[in-house]
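Read through the structure below, which is laid out as structure tokens, and then see the notes.
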Amino acid sequence: MNAVRGRFTARTVRVKAPGKVNVSLDVGPLRPDGYHSVASVYLAVSLYEEVAATSTDTGKITVSISPASTLDLDGVDIPLDERNLAYKAAAIMADVSEHSTGVHLEITKRVPVAGGMGGGSADAAATLLACDALWNSGLSRDELSHLAAELGADVPFSLLGAPPSGWASATTSRPPSSRPRLTGSS
């Protein structure tokens, strides 16, 4: 991370991103790389994750869960280190931002954990947007979408607010009329 010279003043940027449900899932044949092509129709839900990204002068990324979370998280193992998708999103943004600092991410969980509703993906999407604003990176929507795709197939949906229904993959969201053909080739 690049250290900011001179007097340090902490700033906080808050971003919300929605959870989602999969209303349709098409799985294609096995590809030569051992994976299946997948097309899914996602719908955003009214449960939002919130990430508060606060600049720090430590040069490190730290993550905590907000006590304002509306979920009972007792016994739920949410990694707060480099395994966390929000942490990974901040690390990617730090790599591409000219004026990154350390950052503390406080995540307010409202989307059920491990329920297939994209809570971790929403955390990552909110972190990309928050760090982009915090560090004045000025990345375009397309650039952020490509970074989101590096983090997982659900992250671009949470980032871009894709159409209420559409075919989504790791890099694109398409209206249902342009349903992709799933084949065994990559």
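Order determines the names: the first chain of the structure tokens is A, the second B, and so forth; residues in each chain are numbered 1 upward, and ligands are numbered 1 upward as they are shown.
Summary of the local environment: counting only C-alpha atoms, residues at most 10 Å from Asp123 (chain A), other than itself and those fewer than 4 positions away along its chain, are Val15, Lys16, Ala17, Pro18, Gly19, Tyr48, Glu49, Glu50, Val51, Asn84, Leu85, Ala86, Tyr87, Ala89, Leu105, Glu106, Ile107, Thr108, Lys109, Val111, Gly118, Gly119, Thr127, Leu128, Val155, Ser158 and Leu159 of chain A.
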Output for the residues just chosen: N, CA and C atoms as a PDB file, in the first residue's frame:
ATOM      1  N   VAL A  15     -20.884   2.094   2.563  1.00  0.00           N
ATOM      2  CA  VAL A  15     -21.555   1.628   1.345  1.00  0.00           C
ATOM      3  C   VAL A  15     -22.408   0.413   1.700  1.00  0.00           C
ATOM      4  N   LYS A  16     -23.617   0.382   1.147  1.00  0.00           N
ATOM      5  CA  LYS A  16     -24.500  -0.781   1.297  1.00  0.00           C
ATOM      6  C   LYS A  16     -24.573  -1.533  -0.024  1.00  0.00           C
ATOM      7  N   ALA A  17     -24.719  -2.853   0.062  1.00  0.00           N
ATOM      8  CA  ALA A  17     -24.909  -3.690  -1.120  1.00  0.00           C
ATOM      9  C   ALA A  17     -25.921  -4.772  -0.762  1.00  0.00           C
ATOM     10  N   PRO A  18     -26.806  -5.113  -1.718  1.00  0.00           N
ATOM     11  CA  PRO A  18     -27.877  -6.068  -1.418  1.00  0.00           C
ATOM     12  C   PRO A  18     -27.429  -7.518  -1.463  1.00  0.00           C
ATOM     13  N   GLY A  19     -28.122  -8.332  -0.680  1.00  0.00           N
ATOM     14  CA  GLY A  19     -28.025  -9.771  -0.841  1.00  0.00           C
ATOM     15  C   GLY A  19     -28.847 -10.143  -2.068  1.00  0.00           C
ATOM     16  N   TYR A  48     -29.569  -5.794   3.218  1.00  0.00           N
ATOM     17  CA  TYR A  48     -28.330  -5.183   2.770  1.00  0.00           C
ATOM     18  C   TYR A  48     -27.205  -5.413   3.765  1.00  0.00           C
ATOM     19  N   GLU A  49     -26.016  -5.639   3.230  1.00  0.00           N
ATOM     20  CA  GLU A  49     -24.811  -5.614   4.026  1.00  0.00           C
ATOM     21  C   GLU A  49     -24.303  -4.179   3.977  1.00  0.00           C
ATOM     22  N   GLU A  50     -23.645  -3.730   5.038  1.00  0.00           N
ATOM     23  CA  GLU A  50     -23.061  -2.394   5.033  1.00  0.00           C
ATOM     24  C   GLU A  50     -21.600  -2.500   5.441  1.00  0.00           C
ATOM     25  N   VAL A  51     -20.747  -1.838   4.679  1.00  0.00           N
ATOM     26  CA  VAL A  51     -19.325  -1.792   4.987  1.00  0.00           C
ATOM     27  C   VAL A  51     -18.942  -0.350   5.255  1.00  0.00           C
ATOM     28  N   ASN A  84     -11.307 -13.521   4.125  1.00  0.00           N
ATOM     29  CA  ASN A  84     -12.563 -12.792   4.015  1.00  0.00           C
ATOM     30  C   ASN A  84     -12.636 -12.081   2.662  1.00  0.00           C
ATOM     31  N   LEU A  85     -13.773 -12.189   1.966  1.00  0.00           N
ATOM     32  CA  LEU A  85     -13.912 -11.564   0.648  1.00  0.00           C
ATOM     33  C   LEU A  85     -13.771 -10.043   0.704  1.00  0.00           C
ATOM     34  N   ALA A  86     -14.252  -9.412   1.753  1.00  0.00           N
ATOM     35  CA  ALA A  86     -14.102  -7.964   1.876  1.00  0.00           C
ATOM     36  C   ALA A  86     -12.622  -7.604   2.011  1.00  0.00           C
ATOM     37  N   TYR A  87     -11.884  -8.362   2.786  1.00  0.00           N
ATOM     38  CA  TYR A  87     -10.441  -8.167   2.921  1.00  0.00           C
ATOM     39  C   TYR A  87      -9.785  -8.275   1.541  1.00  0.00           C
ATOM     40  N   ALA A  89     -11.119  -7.840  -1.358  1.00  0.00           N
ATOM     41  CA  ALA A  89     -11.517  -6.695  -2.183  1.00  0.00           C
ATOM     42  C   ALA A  89     -10.680  -5.466  -1.840  1.00  0.00           C
ATOM     43  N   LEU A 105     -12.187  -2.256   7.913  1.00  0.00           N
ATOM     44  CA  LEU A 105     -13.514  -2.542   7.371  1.00  0.00           C
ATOM     45  C   LEU A 105     -14.401  -3.031   8.506  1.00  0.00           C
ATOM     46  N   GLU A 106     -15.450  -2.283   8.796  1.00  0.00           N
ATOM     47  CA  GLU A 106     -16.436  -2.740   9.775  1.00  0.00           C
ATOM     48  C   GLU A 106     -17.679  -3.149   8.993  1.00  0.00           C
ATOM     49  N   ILE A 107     -18.017  -4.426   9.097  1.00  0.00           N
ATOM     50  CA  ILE A 107     -19.109  -5.002   8.308  1.00  0.00           C
ATOM     51  C   ILE A 107     -20.331  -5.195   9.196  1.00  0.00           C
ATOM     52  N   THR A 108     -21.438  -4.621   8.751  1.00  0.00           N
ATOM     53  CA  THR A 108     -22.717  -4.844   9.426  1.00  0.00           C
ATOM     54  C   THR A 108     -23.451  -5.922   8.642  1.00  0.00           C
ATOM     55  N   LYS A 109     -23.601  -7.097   9.261  1.00  0.00           N
ATOM     56  CA  LYS A 109     -24.211  -8.257   8.615  1.00  0.00           C
ATOM     57  C   LYS A 109     -25.722  -8.227   8.786  1.00  0.00           C
ATOM     58  N   VAL A 111     -27.505 -10.046   5.916  1.00  0.00           N
ATOM     59  CA  VAL A 111     -27.846 -11.147   5.014  1.00  0.00           C
ATOM     60  C   VAL A 111     -27.409 -12.439   5.699  1.00  0.00           C
ATOM     61  N   GLY A 118     -25.538 -14.479  -0.929  1.00  0.00           N
ATOM     62  CA  GLY A 118     -24.515 -13.558  -1.398  1.00  0.00           C
ATOM     63  C   GLY A 118     -24.079 -12.496  -0.412  1.00  0.00           C
ATOM     64  N   GLY A 119     -24.160 -12.775   0.881  1.00  0.00           N
ATOM     65  CA  GLY A 119     -23.733 -11.793   1.874  1.00  0.00           C
ATOM     66  C   GLY A 119     -22.260 -11.455   1.762  1.00  0.00           C
ATOM     67  N   THR A 127     -17.118  -3.120  -0.366  1.00  0.00           N
ATOM     68  CA  THR A 127     -15.731  -2.761  -0.075  1.00  0.00           C
ATOM     69  C   THR A 127     -15.050  -2.162  -1.297  1.00  0.00           C
ATOM     70  N   LEU A 128     -15.270  -2.744  -2.477  1.00  0.00           N
ATOM     71  CA  LEU A 128     -14.691  -2.172  -3.701  1.00  0.00           C
ATOM     72  C   LEU A 128     -15.127  -0.721  -3.868  1.00  0.00           C
ATOM     73  N   VAL A 155     -20.210 -11.331  -7.113  1.00  0.00           N
ATOM     74  CA  VAL A 155     -19.781  -9.987  -6.722  1.00  0.00           C
ATOM     75  C   VAL A 155     -20.185  -8.916  -7.743  1.00  0.00           C
ATOM     76  N   SER A 158     -23.813  -7.740  -7.142  1.00  0.00           N
ATOM     77  CA  SER A 158     -23.974  -6.838  -5.997  1.00  0.00           C
ATOM     78  C   SER A 158     -23.372  -5.468  -6.272  1.00  0.00           C
ATOM     79  N   LEU A 159     -22.307  -5.436  -7.040  1.00  0.00           N
ATOM     80  CA  LEU A 159     -21.626  -4.188  -7.353  1.00  0.00           C
ATOM     81  C   LEU A 159     -22.428  -3.325  -8.318  1.00  0.00           C
TER      82      LEU A 159
END
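DSSP, applied to the backbone of this structure, assigns helix (DSSP H, G or I) to the following residues of region 94-139 of chain A: Ala94, Asp95, Val96, Gly119, Gly120, Ser121, Ala122, Asp123, Ala124, Ala125, Ala126, Thr127, Leu128, Leu129, Ala130, Cys131, Asp132, Ala133 and Leu134 of chain A.
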Write out the residues from the selection above, keeping C-alpha atoms, as a PDB file, in the first residue's frame.
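Generated output (selection_39.pdb):
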ATOM      1  CA  ALA A  94      -4.950  -1.159  -2.614  1.00  0.00           C
ATOM      2  CA  ASP A  95      -2.939  -2.764  -5.425  1.00  0.00           C
ATOM      3  CA  VAL A  96      -4.598  -0.639  -8.136  1.00  0.00           C
ATOM      4  CA  GLY A 119     -23.733 -11.793   1.874  1.00  0.00           C
ATOM      5  CA  GLY A 120     -19.983 -12.214   1.457  1.00  0.00           C
ATOM      6  CA  SER A 121     -20.241 -11.107  -2.167  1.00  0.00           C
ATOM      7  CA  ALA A 122     -22.213  -8.036  -1.088  1.00  0.00           C
ATOM      8  CA  ASP A 123     -19.477  -7.280   1.475  1.00  0.00           C
ATOM      9  CA  ALA A 124     -16.846  -7.495  -1.281  1.00  0.00           C
ATOM     10  CA  ALA A 125     -18.847  -5.277  -3.654  1.00  0.00           C
ATOM     11  CA  ALA A 126     -19.439  -2.663  -0.958  1.00  0.00           C
ATOM     12  CA  THR A 127     -15.731  -2.761  -0.075  1.00  0.00           C
ATOM     13  CA  LEU A 128     -14.691  -2.172  -3.701  1.00  0.00           C
ATOM     14  CA  LEU A 129     -16.945   0.889  -3.892  1.00  0.00           C
ATOM     15  CA  ALA A 130     -15.971   2.186  -0.446  1.00  0.00           C
ATOM     16  CA  CYS A 131     -12.227   1.870  -1.066  1.00  0.00           C
ATOM     17  CA  ASP A 132     -12.584   3.409  -4.531  1.00  0.00           C
ATOM     18  CA  ALA A 133     -14.228   6.456  -2.923  1.00  0.00           C
ATOM     19  CA  LEU A 134     -11.965   6.485   0.141  1.00  0.00           C
TER      20      LEU A 134
END
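The nearest approach to Thr101 (chain A) among the residues A:Thr58, A:Ser69, A:Ser137, A:Ser24, with only C-alpha atoms taken into account, belongs to A:Thr58.
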Legend entry - Two-atom distance - CA of Val41 (chain A), CA of Val21 (chain A) (Å): 8.4 Å
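For the atom pair formed by CA of Ser55 (chain A) and CA of Arg141 (chain A), the distance is 22.4 Å, given to one decimal.
Here CA of Ile65 (chain A) stands at a distance of 17.8 Å from CA of Gly115 (chain A).
For the residues A:Leu30, A:Ala10, A:Ala148, A:Ala153, ranking by smallest atom-to-atom distance to Ile92 (chain A) using only C-alpha atoms places A:Ala148 first.
Nearest residue to Leu71 (chain A) among A:Gly161, A:Phe8, A:Leu47, A:Pro29 is A:Leu47, counting only C-alpha atoms.
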Inset, instruction - Would you return as a ChimeraX atom specification the members of region 13-154 of chain A that DSSP assigns to strand (DSSP E or B) on this structure's backbone? - result: /A:13-30,36-56,61-65,102-108
Selection above as a file: N, CA and C atoms, as a short mmCIF file (atom, residue, chain, number, x, y, z; two decimals), in the first residue's frame:
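again.cif, freshly written:
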data_model
loop_
_atom_site.label_atom_id
_atom_site.label_comp_id
_atom_site.auth_asym_id
_atom_site.auth_seq_id
_atom_site.Cartn_x
_atom_site.Cartn_y
_atom_site.Cartn_z
N VAL A 13 -15.95 5.92 4.74
CA VAL A 13 -16.93 5.84 3.66
C VAL A 13 -17.80 4.63 3.94
N ARG A 14 -19.12 4.83 3.91
CA ARG A 14 -20.08 3.73 4.14
C ARG A 14 -20.80 3.39 2.84
N VAL A 15 -20.88 2.09 2.56
CA VAL A 15 -21.56 1.63 1.35
C VAL A 15 -22.41 0.41 1.70
N LYS A 16 -23.62 0.38 1.15
CA LYS A 16 -24.50 -0.78 1.30
C LYS A 16 -24.57 -1.53 -0.02
N ALA A 17 -24.72 -2.85 0.06
CA ALA A 17 -24.91 -3.69 -1.12
C ALA A 17 -25.92 -4.77 -0.76
N PRO A 18 -26.81 -5.11 -1.72
CA PRO A 18 -27.88 -6.07 -1.42
C PRO A 18 -27.43 -7.52 -1.46
N GLY A 19 -28.12 -8.33 -0.68
CA GLY A 19 -28.02 -9.77 -0.84
C GLY A 19 -28.85 -10.14 -2.07
N LYS A 20 -28.87 -11.42 -2.39
CA LYS A 20 -29.61 -11.86 -3.58
C LYS A 20 -30.13 -13.27 -3.38
N VAL A 21 -31.06 -13.64 -4.23
CA VAL A 21 -31.50 -15.02 -4.30
C VAL A 21 -31.33 -15.48 -5.75
N ASN A 22 -31.07 -16.76 -5.91
CA ASN A 22 -31.02 -17.36 -7.24
C ASN A 22 -32.41 -17.90 -7.53
N VAL A 23 -33.02 -17.42 -8.60
CA VAL A 23 -34.36 -17.91 -8.93
C VAL A 23 -34.32 -18.93 -10.06
N SER A 24 -33.17 -19.05 -10.70
CA SER A 24 -32.99 -20.05 -11.74
C SER A 24 -31.51 -20.37 -11.86
N LEU A 25 -31.22 -21.61 -12.12
CA LEU A 25 -29.83 -22.01 -12.28
C LEU A 25 -29.74 -23.05 -13.39
N ASP A 26 -28.98 -22.75 -14.43
CA ASP A 26 -28.70 -23.69 -15.50
C ASP A 26 -27.24 -24.09 -15.40
N VAL A 27 -26.98 -25.37 -15.39
CA VAL A 27 -25.62 -25.87 -15.33
C VAL A 27 -25.32 -26.59 -16.63
N GLY A 28 -24.27 -26.14 -17.30
CA GLY A 28 -23.86 -26.74 -18.57
C GLY A 28 -23.01 -27.97 -18.35
N PRO A 29 -22.60 -28.60 -19.44
CA PRO A 29 -21.76 -29.80 -19.35
C PRO A 29 -20.38 -29.46 -18.78
N LEU A 30 -19.71 -30.50 -18.34
CA LEU A 30 -18.36 -30.35 -17.80
C LEU A 30 -17.42 -29.85 -18.90
N HIS A 36 -18.01 -26.42 -14.69
CA HIS A 36 -19.21 -26.33 -15.50
C HIS A 36 -19.50 -24.87 -15.80
N SER A 37 -20.00 -24.58 -17.00
CA SER A 37 -20.54 -23.25 -17.28
C SER A 37 -21.85 -23.14 -16.52
N VAL A 38 -22.11 -21.97 -15.95
CA VAL A 38 -23.30 -21.77 -15.14
C VAL A 38 -23.96 -20.46 -15.55
N ALA A 39 -25.28 -20.49 -15.68
CA ALA A 39 -26.05 -19.26 -15.90
C ALA A 39 -27.11 -19.22 -14.80
N SER A 40 -27.20 -18.09 -14.13
CA SER A 40 -28.12 -17.97 -13.01
C SER A 40 -28.90 -16.67 -13.13
N VAL A 41 -30.16 -16.72 -12.74
CA VAL A 41 -30.96 -15.51 -12.66
C VAL A 41 -30.98 -15.09 -11.20
N TYR A 42 -30.49 -13.89 -10.93
CA TYR A 42 -30.43 -13.36 -9.58
C TYR A 42 -31.50 -12.29 -9.40
N LEU A 43 -32.04 -12.22 -8.21
CA LEU A 43 -32.90 -11.11 -7.81
C LEU A 43 -32.33 -10.54 -6.52
N ALA A 44 -32.22 -9.22 -6.47
CA ALA A 44 -31.77 -8.56 -5.25
C ALA A 44 -32.87 -8.66 -4.20
N VAL A 45 -32.47 -8.75 -2.95
CA VAL A 45 -33.42 -8.78 -1.83
C VAL A 45 -33.27 -7.49 -1.03
N SER A 46 -34.19 -7.27 -0.12
CA SER A 46 -34.17 -6.02 0.65
C SER A 46 -33.31 -6.12 1.91
N LEU A 47 -32.47 -7.14 1.98
CA LEU A 47 -31.49 -7.25 3.06
C LEU A 47 -30.16 -6.76 2.53
N TYR A 48 -29.57 -5.79 3.22
CA TYR A 48 -28.33 -5.18 2.77
C TYR A 48 -27.21 -5.41 3.77
N GLU A 49 -26.02 -5.64 3.23
CA GLU A 49 -24.81 -5.61 4.03
C GLU A 49 -24.30 -4.18 3.98
N GLU A 50 -23.65 -3.73 5.04
CA GLU A 50 -23.06 -2.39 5.03
C GLU A 50 -21.60 -2.50 5.44
N VAL A 51 -20.75 -1.84 4.68
CA VAL A 51 -19.33 -1.79 4.99
C VAL A 51 -18.94 -0.35 5.26
N ALA A 52 -18.35 -0.11 6.42
CA ALA A 52 -17.76 1.18 6.74
C ALA A 52 -16.25 1.02 6.60
N ALA A 53 -15.68 1.69 5.60
CA ALA A 53 -14.23 1.63 5.35
C ALA A 53 -13.60 2.89 5.92
N THR A 54 -12.72 2.73 6.90
CA THR A 54 -12.06 3.86 7.55
C THR A 54 -10.57 3.78 7.28
N SER A 55 -10.03 4.87 6.76
CA SER A 55 -8.58 4.90 6.49
C SER A 55 -7.81 4.86 7.80
N THR A 56 -6.67 4.19 7.75
CA THR A 56 -5.78 4.12 8.92
C THR A 56 -4.36 4.43 8.46
N ILE A 61 -4.74 -3.92 6.40
CA ILE A 61 -6.18 -4.13 6.25
C ILE A 61 -6.65 -4.90 7.46
N THR A 62 -7.67 -4.38 8.15
CA THR A 62 -8.28 -5.10 9.26
C THR A 62 -9.78 -5.17 9.04
N VAL A 63 -10.40 -6.19 9.61
CA VAL A 63 -11.83 -6.42 9.42
C VAL A 63 -12.45 -6.73 10.77
N SER A 64 -13.63 -6.16 11.02
CA SER A 64 -14.41 -6.51 12.20
C SER A 64 -15.89 -6.58 11.81
N ILE A 65 -16.66 -7.25 12.66
CA ILE A 65 -18.10 -7.34 12.46
C ILE A 65 -18.74 -6.35 13.43
N GLY A 102 -3.78 2.31 4.90
CA GLY A 102 -4.37 1.18 5.59
C GLY A 102 -5.88 1.41 5.65
N VAL A 103 -6.62 0.35 5.92
CA VAL A 103 -8.07 0.51 6.00
C VAL A 103 -8.63 -0.48 7.01
N HIS A 104 -9.59 0.00 7.80
CA HIS A 104 -10.34 -0.89 8.68
C HIS A 104 -11.74 -1.02 8.10
N LEU A 105 -12.19 -2.26 7.91
CA LEU A 105 -13.51 -2.54 7.37
C LEU A 105 -14.40 -3.03 8.51
N GLU A 106 -15.45 -2.28 8.80
CA GLU A 106 -16.44 -2.74 9.77
C GLU A 106 -17.68 -3.15 8.99
N ILE A 107 -18.02 -4.43 9.10
CA ILE A 107 -19.11 -5.00 8.31
C ILE A 107 -20.33 -5.20 9.20
N THR A 108 -21.44 -4.62 8.75
CA THR A 108 -22.72 -4.84 9.43
C THR A 108 -23.45 -5.92 8.64
#
